[in-house]
Amino acid sequence: MQKEKQVLFFDDDGNALNDIARLFNDEPYGVLTATSIDRAMEILRQEKIKVVICGQRMREIQGIKFLQDVRAFYPDVVRILLAANTDFASAEDAINMGEVYRFISKPWKNTELLSNIRRAIEHYDLILRAEQTNQKLKAMYDVQREFTSTVSHELRTPLASIKTAIDLVLMKALGDVNKEQAEVLRRAKRNVDRLKRLIDDILDLTKMESGKLQMNFMLNDINRSIREVVEAQKDVAQSRGLYLKVQLDSHVGPVAFDSDRIIQVINNLVGNAIKFTKHGGIIIKTSKNTEENYILISVIDTGKGIAEEDLPKLFQKFHQIESAESNEEGGTGLGLAICKEIIARHGGSTWAESTLDKGTTFHFTLPIQAQK
Amino acid sequence: MKVLLIDDDPDMCALTEKVLTKFGHEVAAFPDSTAGIAYARKNPLNLILMDIMLPGLSGPEIVVNLQEDPQLKNIPVVFLTGLVTGSEQSLQNEGLEVKGKKYPTLGKPYEIEQLLSAVKKYAK
């Protein structure tokens, strides 16, 4: 079987080349030789050469100069310079500038030459494989992102028609709707709305994970954001007979965060707390940890609690706590994963503590940047 | 209000038209920009409501043409699109920028109240 030509020797001393070529009879790769620049370049163009070895002192060109040219046109090819010890100073520069992979001084030991070439081929294969893997991953990632975005758009278009049709009938814009019809349509509406939230959440999360979602960091007052959420959710809490209170540390001061996204997180945590609490209520607390330079935000409920083994699973995608008394609205199972991702993008952390039958507390932190 | 609606999805187009007519607006609906823009030249309008991804010229491309047209450039435009998520929509109150100008954007599926209040807010 013909051996794959992987190594090129370039030197203008043809006799020396023939001696060298004989050395490789037992090696697994094939060797080509060239005595002129033109021939060497032709071989590089035509064959899949992995390693180029050349002498330093040649009539046409200096070895280092030639290897620089090889690097410019074939950056992946591994380059080895064969030179007398007197050439070492210039060879050293070449190695340091990344022009040359190895410098082998004349006279060399054949075993040394062979093992260096073997290593050079391994080096070439390794880098090639890493690059291929990298490219494959990038391509897969692009395809997935593209796919998610397309699917989301494709799902949304038909969903929009279904939703508008149901809403239009349900709001009696097209005439009266009797009680039974309304009940059936409300069930349909609930599920359409749930599907819409699910698609939105998947798209948001994909964008966040790929770093595509722009964050708008500005110095903000976290206590104010919390009051905004309380204002928006207090009616829901009240309608379920729950209190919604705050214990805000007035010394927290301004912190850099994306106000819309942090409000989304607090809204989500408070919404969950309301959903899973039957008696009592919810307290939102802030405190400043001066020692470790962060602000701690805690959402404390008096719900039925979460078993300790379930706590770490809470923030996983599509993990939902099975509960008969959870809501009628239907979560997407992505809310907490999104919260965690948003807080991570702020450099903070998110976790939960719980005691069964006593309640659950969700904490997250926001780092305080050093004031300039 | 007189509203020009451009949406290439026939069901969505018909339903949006129905919503607007039921709530007292006058609607001219078209599946693409060519017929829509021709209509706009001949009839007075208070608002243009259009999709972003359309066959032929896209929504933003149509807007670029409108901006250069002295007769049409003052008609307010609201984009209706399946490309923005609910959370983004609340963040994008200022809307989509085309050639330095912001256009309000409503995500599909929309809430009927959102659509009606957008018409009320932007039509002129």
# chains A, B, ... in the order shown; residues from 1 in each chain; ligands from 1
>>> closest_atom_pairs(of="chain B", to="chain A", cutoff="12 Å", atoms="only C-alpha atoms", output="JSON lines")
{"residue": "B:Asp7", "atom": "CA", "partner": "A:Thr157", "partner_atom": "CA", "distance": 10.9}
{"residue": "B:Asp8", "atom": "CA", "partner": "A:Thr157", "partner_atom": "CA", "distance": 10.6}
{"residue": "B:Asp9", "atom": "CA", "partner": "A:Thr157", "partner_atom": "CA", "distance": 7.9}
{"residue": "B:Pro10", "atom": "CA", "partner": "A:Ser161", "partner_atom": "CA", "distance": 9.5}
{"residue": "B:Asp11", "atom": "CA", "partner": "A:Ser161", "partner_atom": "CA", "distance": 6.3}
{"residue": "B:Met12", "atom": "CA", "partner": "A:Ser161", "partner_atom": "CA", "distance": 5.0}
{"residue": "B:Cys13", "atom": "CA", "partner": "A:Ser161", "partner_atom": "CA", "distance": 8.7}
{"residue": "B:Ala14", "atom": "CA", "partner": "A:Ser161", "partner_atom": "CA", "distance": 9.1}
{"residue": "B:Leu15", "atom": "CA", "partner": "A:Ala165", "partner_atom": "CA", "distance": 6.7}
{"residue": "B:Thr16", "atom": "CA", "partner": "A:Thr164", "partner_atom": "CA", "distance": 7.7}
{"residue": "B:Glu17", "atom": "CA", "partner": "A:Thr164", "partner_atom": "CA", "distance": 10.9}
{"residue": "B:Lys18", "atom": "CA", "partner": "A:Leu168", "partner_atom": "CA", "distance": 8.7}
{"residue": "B:Val19", "atom": "CA", "partner": "A:Leu168", "partner_atom": "CA", "distance": 6.9}
{"residue": "B:Leu20", "atom": "CA", "partner": "A:Ala173", "partner_atom": "CA", "distance": 10.5}
{"residue": "B:Thr21", "atom": "CA", "partner": "A:Ala173", "partner_atom": "CA", "distance": 10.2}
{"residue": "B:Lys22", "atom": "CA", "partner": "A:Ala173", "partner_atom": "CA", "distance": 6.6}
{"residue": "B:Phe23", "atom": "CA", "partner": "A:Ala173", "partner_atom": "CA", "distance": 8.2}
{"residue": "B:Gly24", "atom": "CA", "partner": "A:Ala173", "partner_atom": "CA", "distance": 11.2}
{"residue": "B:Asp51", "atom": "CA", "partner": "A:Thr157", "partner_atom": "CA", "distance": 10.9}
{"residue": "B:Ile52", "atom": "CA", "partner": "A:His153", "partner_atom": "CA", "distance": 11.6}
{"residue": "B:Met53", "atom": "CA", "partner": "A:His153", "partner_atom": "CA", "distance": 10.2}
{"residue": "B:Leu80", "atom": "CA", "partner": "A:Ala160", "partner_atom": "CA", "distance": 10.9}
{"residue": "B:Thr81", "atom": "CA", "partner": "A:Thr157", "partner_atom": "CA", "distance": 8.8}
{"residue": "B:Gly82", "atom": "CA", "partner": "A:His153", "partner_atom": "CA", "distance": 5.5}
{"residue": "B:Leu83", "atom": "CA", "partner": "A:His153", "partner_atom": "CA", "distance": 6.0}
{"residue": "B:Val84", "atom": "CA", "partner": "A:Asp200", "partner_atom": "CA", "distance": 8.3}
{"residue": "B:Thr85", "atom": "CA", "partner": "A:Asp200", "partner_atom": "CA", "distance": 5.0}
{"residue": "B:Gly86", "atom": "CA", "partner": "A:Asp200", "partner_atom": "CA", "distance": 6.2}
{"residue": "B:Ser87", "atom": "CA", "partner": "A:Asp200", "partner_atom": "CA", "distance": 7.5}
{"residue": "B:Glu88", "atom": "CA", "partner": "A:Asp204", "partner_atom": "CA", "distance": 8.3}
{"residue": "B:Gln89", "atom": "CA", "partner": "A:Asp200", "partner_atom": "CA", "distance": 10.5}
{"residue": "B:Ser90", "atom": "CA", "partner": "A:Asp260", "partner_atom": "CA", "distance": 8.4}
{"residue": "B:Leu91", "atom": "CA", "partner": "A:Asp260", "partner_atom": "CA", "distance": 6.7}
{"residue": "B:Gln92", "atom": "CA", "partner": "A:Asp260", "partner_atom": "CA", "distance": 10.4}
{"residue": "B:Asn93", "atom": "CA", "partner": "A:Asp260", "partner_atom": "CA", "distance": 11.5}
{"residue": "B:Leu106", "atom": "CA", "partner": "A:Ala160", "partner_atom": "CA", "distance": 11.9}
{"residue": "B:Gly107", "atom": "CA", "partner": "A:Ala160", "partner_atom": "CA", "distance": 9.4}
{"residue": "B:Lys108", "atom": "CA", "partner": "A:Ala160", "partner_atom": "CA", "distance": 5.6}
{"residue": "B:Pro109", "atom": "CA", "partner": "A:Ala160", "partner_atom": "CA", "distance": 3.9}
{"residue": "B:Tyr110", "atom": "CA", "partner": "A:Ala160", "partner_atom": "CA", "distance": 7.0}
{"residue": "B:Glu111", "atom": "CA", "partner": "A:Thr164", "partner_atom": "CA", "distance": 7.5}
{"residue": "B:Ile112", "atom": "CA", "partner": "A:Thr164", "partner_atom": "CA", "distance": 7.1}
{"residue": "B:Glu113", "atom": "CA", "partner": "A:Asp167", "partner_atom": "CA", "distance": 10.1}
{"residue": "B:Gln114", "atom": "CA", "partner": "A:Thr164", "partner_atom": "CA", "distance": 11.6}
{"residue": "B:Leu115", "atom": "CA", "partner": "A:Thr164", "partner_atom": "CA", "distance": 10.6}
>>> select_by_dssp(residues="segment 5-121 of chain B", states="strand (DSSP E)", output="ChimeraX atom specification")
/B:5-6,26-30,47-51,77-81,96-98,101-103,105-107
>>> write_last_selection(atoms="C-alpha atoms", output="PDB file, in the first residue's frame")
ATOM      1  CA  LEU B   5     -52.962  46.410   7.859  1.00  0.00           C
ATOM      2  CA  ILE B   6     -50.230  44.422   6.077  1.00  0.00           C
ATOM      3  CA  GLU B  26     -61.940  51.158   9.481  1.00  0.00           C
ATOM      4  CA  VAL B  27     -59.453  48.632   8.099  1.00  0.00           C
ATOM      5  CA  ALA B  28     -57.874  48.039   4.700  1.00  0.00           C
ATOM      6  CA  ALA B  29     -55.956  44.743   4.832  1.00  0.00           C
ATOM      7  CA  PHE B  30     -53.321  43.481   2.366  1.00  0.00           C
ATOM      8  CA  LEU B  47     -52.074  54.340  11.165  1.00  0.00           C
ATOM      9  CA  ILE B  48     -50.161  51.561   9.392  1.00  0.00           C
ATOM     10  CA  LEU B  49     -49.988  48.251  11.209  1.00  0.00           C
ATOM     11  CA  MET B  50     -47.619  45.718   9.660  1.00  0.00           C
ATOM     12  CA  ASP B  51     -45.713  42.503  10.062  1.00  0.00           C
ATOM     13  CA  VAL B  77     -46.321  52.832  11.849  1.00  0.00           C
ATOM     14  CA  VAL B  78     -46.666  50.041  14.431  1.00  0.00           C
ATOM     15  CA  PHE B  79     -44.965  46.682  13.819  1.00  0.00           C
ATOM     16  CA  LEU B  80     -46.761  43.449  14.620  1.00  0.00           C
ATOM     17  CA  THR B  81     -44.351  40.546  14.833  1.00  0.00           C
ATOM     18  CA  LEU B  96     -37.631  48.812  16.586  1.00  0.00           C
ATOM     19  CA  GLU B  97     -35.194  51.303  15.120  1.00  0.00           C
ATOM     20  CA  VAL B  98     -35.238  51.908  11.372  1.00  0.00           C
ATOM     21  CA  LYS B 101     -36.341  56.401  14.087  1.00  0.00           C
ATOM     22  CA  LYS B 102     -38.026  54.147  16.663  1.00  0.00           C
ATOM     23  CA  TYR B 103     -41.191  52.287  15.764  1.00  0.00           C
ATOM     24  CA  THR B 105     -43.532  46.904  18.197  1.00  0.00           C
ATOM     25  CA  LEU B 106     -46.303  44.602  19.328  1.00  0.00           C
ATOM     26  CA  GLY B 107     -45.525  40.887  19.643  1.00  0.00           C
TER      27      GLY B 107
END
>>> residues_around(residues="segment 67-74 of chain B", least_positions_apart="4", cutoff="12 Å", atoms="only C-alpha atoms", output="ChimeraX atom specification")
/B:36-48,60-63,98-101,103,122-124
>>> atom_distance(atom1="atom CA of Ile284 of chain A", atom2="atom CA of Val246 of chain A")
4.7 Å
>>> residues_around(residues="Gly271 of chain A", least_positions_apart="3", cutoff="10 Å", atoms="only C-alpha atoms", output="PyMOL selection string")
chain A and resi 229+233+236-237+265-268+274-276
>>> atom_distance(atom1="atom CA of Arg345 of chain A", atom2="atom CA of Lys234 of chain A")
28.4 Å
>>> select_by_dssp(residues="segment 90-176 of chain A", states="helix (DSSP H, G or I)", output="MDAnalysis selection string")
chainID A and resid 90:96 110:170
>>> write_last_selection(atoms="C-alpha atoms", output="short mmCIF file (atom, residue, chain, number, x, y, z; two decimals), in the first residue's frame")
data_model
loop_
_atom_site.label_atom_id
_atom_site.label_comp_id
_atom_site.auth_asym_id
_atom_site.auth_seq_id
_atom_site.Cartn_x
_atom_site.Cartn_y
_atom_site.Cartn_z
CA SER A 90 18.94 33.12 14.29
CA ALA A 91 17.09 29.82 14.74
CA GLU A 92 16.32 30.74 18.33
CA ASP A 93 14.68 33.96 17.17
CA ALA A 94 12.65 32.01 14.63
CA ILE A 95 11.45 29.59 17.29
CA ASN A 96 10.54 32.40 19.65
CA ASN A 110 18.68 9.66 13.29
CA THR A 111 16.58 8.52 16.24
CA GLU A 112 16.28 12.10 17.39
CA LEU A 113 15.20 13.24 13.93
CA LEU A 114 12.61 10.46 13.63
CA SER A 115 11.11 11.05 17.04
CA ASN A 116 10.90 14.79 16.39
CA ILE A 117 9.06 14.18 13.13
CA ARG A 118 6.70 11.75 14.80
CA ARG A 119 5.96 14.33 17.47
CA ALA A 120 5.45 17.01 14.82
CA ILE A 121 2.89 14.82 13.03
CA GLU A 122 1.09 14.19 16.31
CA HIS A 123 1.11 17.91 16.95
CA TYR A 124 -0.41 18.54 13.51
CA ASP A 125 -3.10 15.87 13.99
CA LEU A 126 -3.99 17.12 17.45
CA ILE A 127 -4.44 20.72 16.35
CA LEU A 128 -6.39 19.62 13.29
CA ARG A 129 -8.68 17.49 15.41
CA ALA A 130 -9.21 20.29 17.94
CA GLU A 131 -10.02 22.71 15.15
CA GLN A 132 -12.42 20.29 13.52
CA THR A 133 -14.19 19.66 16.82
CA ASN A 134 -14.36 23.35 17.49
CA GLN A 135 -15.84 24.07 14.08
CA LYS A 136 -18.32 21.26 14.43
CA LEU A 137 -19.46 22.60 17.82
CA LYS A 138 -19.77 26.12 16.48
CA ALA A 139 -21.79 24.91 13.52
CA MET A 140 -24.04 22.82 15.77
CA TYR A 141 -24.52 25.77 18.07
CA ASP A 142 -25.45 28.07 15.19
CA VAL A 143 -27.86 25.50 13.79
CA GLN A 144 -29.50 25.07 17.20
CA ARG A 145 -29.87 28.80 17.74
CA GLU A 146 -31.25 29.31 14.28
CA PHE A 147 -33.57 26.37 14.78
CA THR A 148 -34.91 27.62 18.10
CA SER A 149 -35.55 31.05 16.71
CA THR A 150 -37.26 29.70 13.59
CA VAL A 151 -39.36 27.19 15.52
CA SER A 152 -40.42 29.87 17.92
CA HIS A 153 -41.54 32.12 15.11
CA GLU A 154 -43.23 29.28 13.27
CA LEU A 155 -45.12 28.23 16.41
CA ARG A 156 -46.13 31.73 17.25
CA THR A 157 -47.82 32.52 13.95
CA PRO A 158 -50.52 29.84 14.18
CA LEU A 159 -50.79 30.38 17.93
CA ALA A 160 -51.51 34.07 17.37
CA SER A 161 -54.52 33.23 15.20
CA ILE A 162 -55.87 30.70 17.70
CA LYS A 163 -55.46 33.12 20.59
CA THR A 164 -57.06 36.09 18.84
CA ALA A 165 -59.98 33.95 17.66
CA ILE A 166 -60.66 32.61 21.16
CA ASP A 167 -60.24 36.01 22.82
CA LEU A 168 -62.51 37.67 20.29
CA VAL A 169 -65.35 35.22 20.91
CA LEU A 170 -64.77 35.13 24.66
#
>>> atom_distance(atom1="atom CA of Lys245 of chain A", atom2="atom CA of Asp221 of chain A")
17.8 Å
>>> residues_around(residues="segment 2-17 of chain A", least_positions_apart="3", cutoff="9 Å", atoms="only C-alpha atoms", output="PyMOL selection string")
chain A and resi 20-22+28-37+39-40+43-44+47-60+63+117+121
>>> decode(residues="segment 284-363 of chain A", atoms="C-alpha atoms", output="PDB file, in the first residue's frame")
ATOM      1  CA  ILE A 284     -39.487  40.462  50.714  1.00  0.00           C
ATOM      2  CA  LYS A 285     -36.315  41.428  52.514  1.00  0.00           C
ATOM      3  CA  THR A 286     -33.133  43.220  51.539  1.00  0.00           C
ATOM      4  CA  SER A 287     -29.879  43.412  53.468  1.00  0.00           C
ATOM      5  CA  LYS A 288     -26.363  44.532  52.767  1.00  0.00           C
ATOM      6  CA  ASN A 289     -23.338  42.325  53.369  1.00  0.00           C
ATOM      7  CA  THR A 290     -20.566  44.885  53.675  1.00  0.00           C
ATOM      8  CA  GLU A 291     -17.897  42.303  54.343  1.00  0.00           C
ATOM      9  CA  GLU A 292     -18.432  40.389  51.136  1.00  0.00           C
ATOM     10  CA  ASN A 293     -19.745  43.355  49.208  1.00  0.00           C
ATOM     11  CA  TYR A 294     -23.108  42.152  48.049  1.00  0.00           C
ATOM     12  CA  ILE A 295     -26.789  42.828  48.558  1.00  0.00           C
ATOM     13  CA  LEU A 296     -28.969  39.924  49.586  1.00  0.00           C
ATOM     14  CA  ILE A 297     -32.590  39.807  48.434  1.00  0.00           C
ATOM     15  CA  SER A 298     -34.848  37.197  50.043  1.00  0.00           C
ATOM     16  CA  VAL A 299     -38.420  36.214  49.239  1.00  0.00           C
ATOM     17  CA  ILE A 300     -39.849  34.405  52.244  1.00  0.00           C
ATOM     18  CA  ASP A 301     -43.163  32.548  52.140  1.00  0.00           C
ATOM     19  CA  THR A 302     -45.204  30.538  54.625  1.00  0.00           C
ATOM     20  CA  GLY A 303     -46.164  27.868  52.115  1.00  0.00           C
ATOM     21  CA  LYS A 304     -45.980  24.138  52.600  1.00  0.00           C
ATOM     22  CA  GLY A 305     -42.260  23.988  51.904  1.00  0.00           C
ATOM     23  CA  ILE A 306     -40.113  21.892  49.600  1.00  0.00           C
ATOM     24  CA  ALA A 307     -38.390  18.623  50.502  1.00  0.00           C
ATOM     25  CA  GLU A 308     -34.669  19.073  50.887  1.00  0.00           C
ATOM     26  CA  GLU A 309     -33.818  16.626  48.107  1.00  0.00           C
ATOM     27  CA  ASP A 310     -35.934  18.665  45.687  1.00  0.00           C
ATOM     28  CA  LEU A 311     -34.199  21.986  46.397  1.00  0.00           C
ATOM     29  CA  PRO A 312     -31.272  21.632  43.985  1.00  0.00           C
ATOM     30  CA  LYS A 313     -33.618  20.515  41.193  1.00  0.00           C
ATOM     31  CA  LEU A 314     -35.684  23.687  41.472  1.00  0.00           C
ATOM     32  CA  PHE A 315     -33.505  25.684  39.117  1.00  0.00           C
ATOM     33  CA  GLN A 316     -33.297  23.021  36.437  1.00  0.00           C
ATOM     34  CA  LYS A 317     -35.155  23.534  33.200  1.00  0.00           C
ATOM     35  CA  PHE A 318     -38.618  22.024  33.041  1.00  0.00           C
ATOM     36  CA  HIS A 319     -38.538  20.927  36.654  1.00  0.00           C
ATOM     37  CA  GLN A 320     -41.885  21.556  38.274  1.00  0.00           C
ATOM     38  CA  ILE A 321     -42.970  20.665  41.729  1.00  0.00           C
ATOM     39  CA  GLU A 322     -45.867  18.284  41.663  1.00  0.00           C
ATOM     40  CA  SER A 323     -48.551  19.807  43.777  1.00  0.00           C
ATOM     41  CA  ALA A 324     -52.283  19.469  43.692  1.00  0.00           C
ATOM     42  CA  GLU A 325     -52.740  22.879  45.229  1.00  0.00           C
ATOM     43  CA  SER A 326     -50.373  24.644  42.879  1.00  0.00           C
ATOM     44  CA  ASN A 327     -52.008  27.049  40.571  1.00  0.00           C
ATOM     45  CA  GLU A 328     -54.608  26.801  37.915  1.00  0.00           C
ATOM     46  CA  GLU A 329     -52.518  28.968  35.620  1.00  0.00           C
ATOM     47  CA  GLY A 330     -49.822  26.431  34.791  1.00  0.00           C
ATOM     48  CA  GLY A 331     -46.174  27.382  34.913  1.00  0.00           C
ATOM     49  CA  THR A 332     -43.681  26.721  32.163  1.00  0.00           C
ATOM     50  CA  GLY A 333     -41.045  25.079  34.346  1.00  0.00           C
ATOM     51  CA  LEU A 334     -38.526  27.589  33.041  1.00  0.00           C
ATOM     52  CA  GLY A 335     -39.125  30.567  35.316  1.00  0.00           C
ATOM     53  CA  LEU A 336     -36.517  29.714  37.940  1.00  0.00           C
ATOM     54  CA  ALA A 337     -33.955  28.642  35.326  1.00  0.00           C
ATOM     55  CA  ILE A 338     -34.407  32.070  33.728  1.00  0.00           C
ATOM     56  CA  CYS A 339     -34.081  33.810  37.129  1.00  0.00           C
ATOM     57  CA  LYS A 340     -30.881  31.946  37.856  1.00  0.00           C
ATOM     58  CA  GLU A 341     -29.457  32.844  34.451  1.00  0.00           C
ATOM     59  CA  ILE A 342     -30.326  36.532  34.878  1.00  0.00           C
ATOM     60  CA  ILE A 343     -28.704  36.665  38.328  1.00  0.00           C
ATOM     61  CA  ALA A 344     -25.647  34.811  37.014  1.00  0.00           C
ATOM     62  CA  ARG A 345     -25.292  37.435  34.283  1.00  0.00           C
ATOM     63  CA  HIS A 346     -25.189  40.007  37.099  1.00  0.00           C
ATOM     64  CA  GLY A 347     -22.424  38.087  38.861  1.00  0.00           C
ATOM     65  CA  GLY A 348     -24.728  37.020  41.702  1.00  0.00           C
ATOM     66  CA  SER A 349     -26.019  33.662  42.916  1.00  0.00           C
ATOM     67  CA  THR A 350     -29.447  32.166  43.514  1.00  0.00           C
ATOM     68  CA  TRP A 351     -30.493  29.500  45.990  1.00  0.00           C
ATOM     69  CA  ALA A 352     -33.411  28.293  48.107  1.00  0.00           C
ATOM     70  CA  GLU A 353     -33.931  27.128  51.687  1.00  0.00           C
ATOM     71  CA  SER A 354     -36.996  25.360  52.962  1.00  0.00           C
ATOM     72  CA  THR A 355     -38.601  23.685  55.932  1.00  0.00           C
ATOM     73  CA  LEU A 356     -41.561  21.422  55.235  1.00  0.00           C
ATOM     74  CA  ASP A 357     -44.851  22.900  56.514  1.00  0.00           C
ATOM     75  CA  LYS A 358     -43.064  26.118  57.514  1.00  0.00           C
ATOM     76  CA  GLY A 359     -42.250  27.722  54.209  1.00  0.00           C
ATOM     77  CA  THR A 360     -39.590  28.428  51.619  1.00  0.00           C
ATOM     78  CA  THR A 361     -37.127  31.269  51.146  1.00  0.00           C
ATOM     79  CA  PHE A 362     -35.548  32.148  47.808  1.00  0.00           C
ATOM     80  CA  HIS A 363     -32.381  34.216  48.006  1.00  0.00           C
TER      81      HIS A 363
END
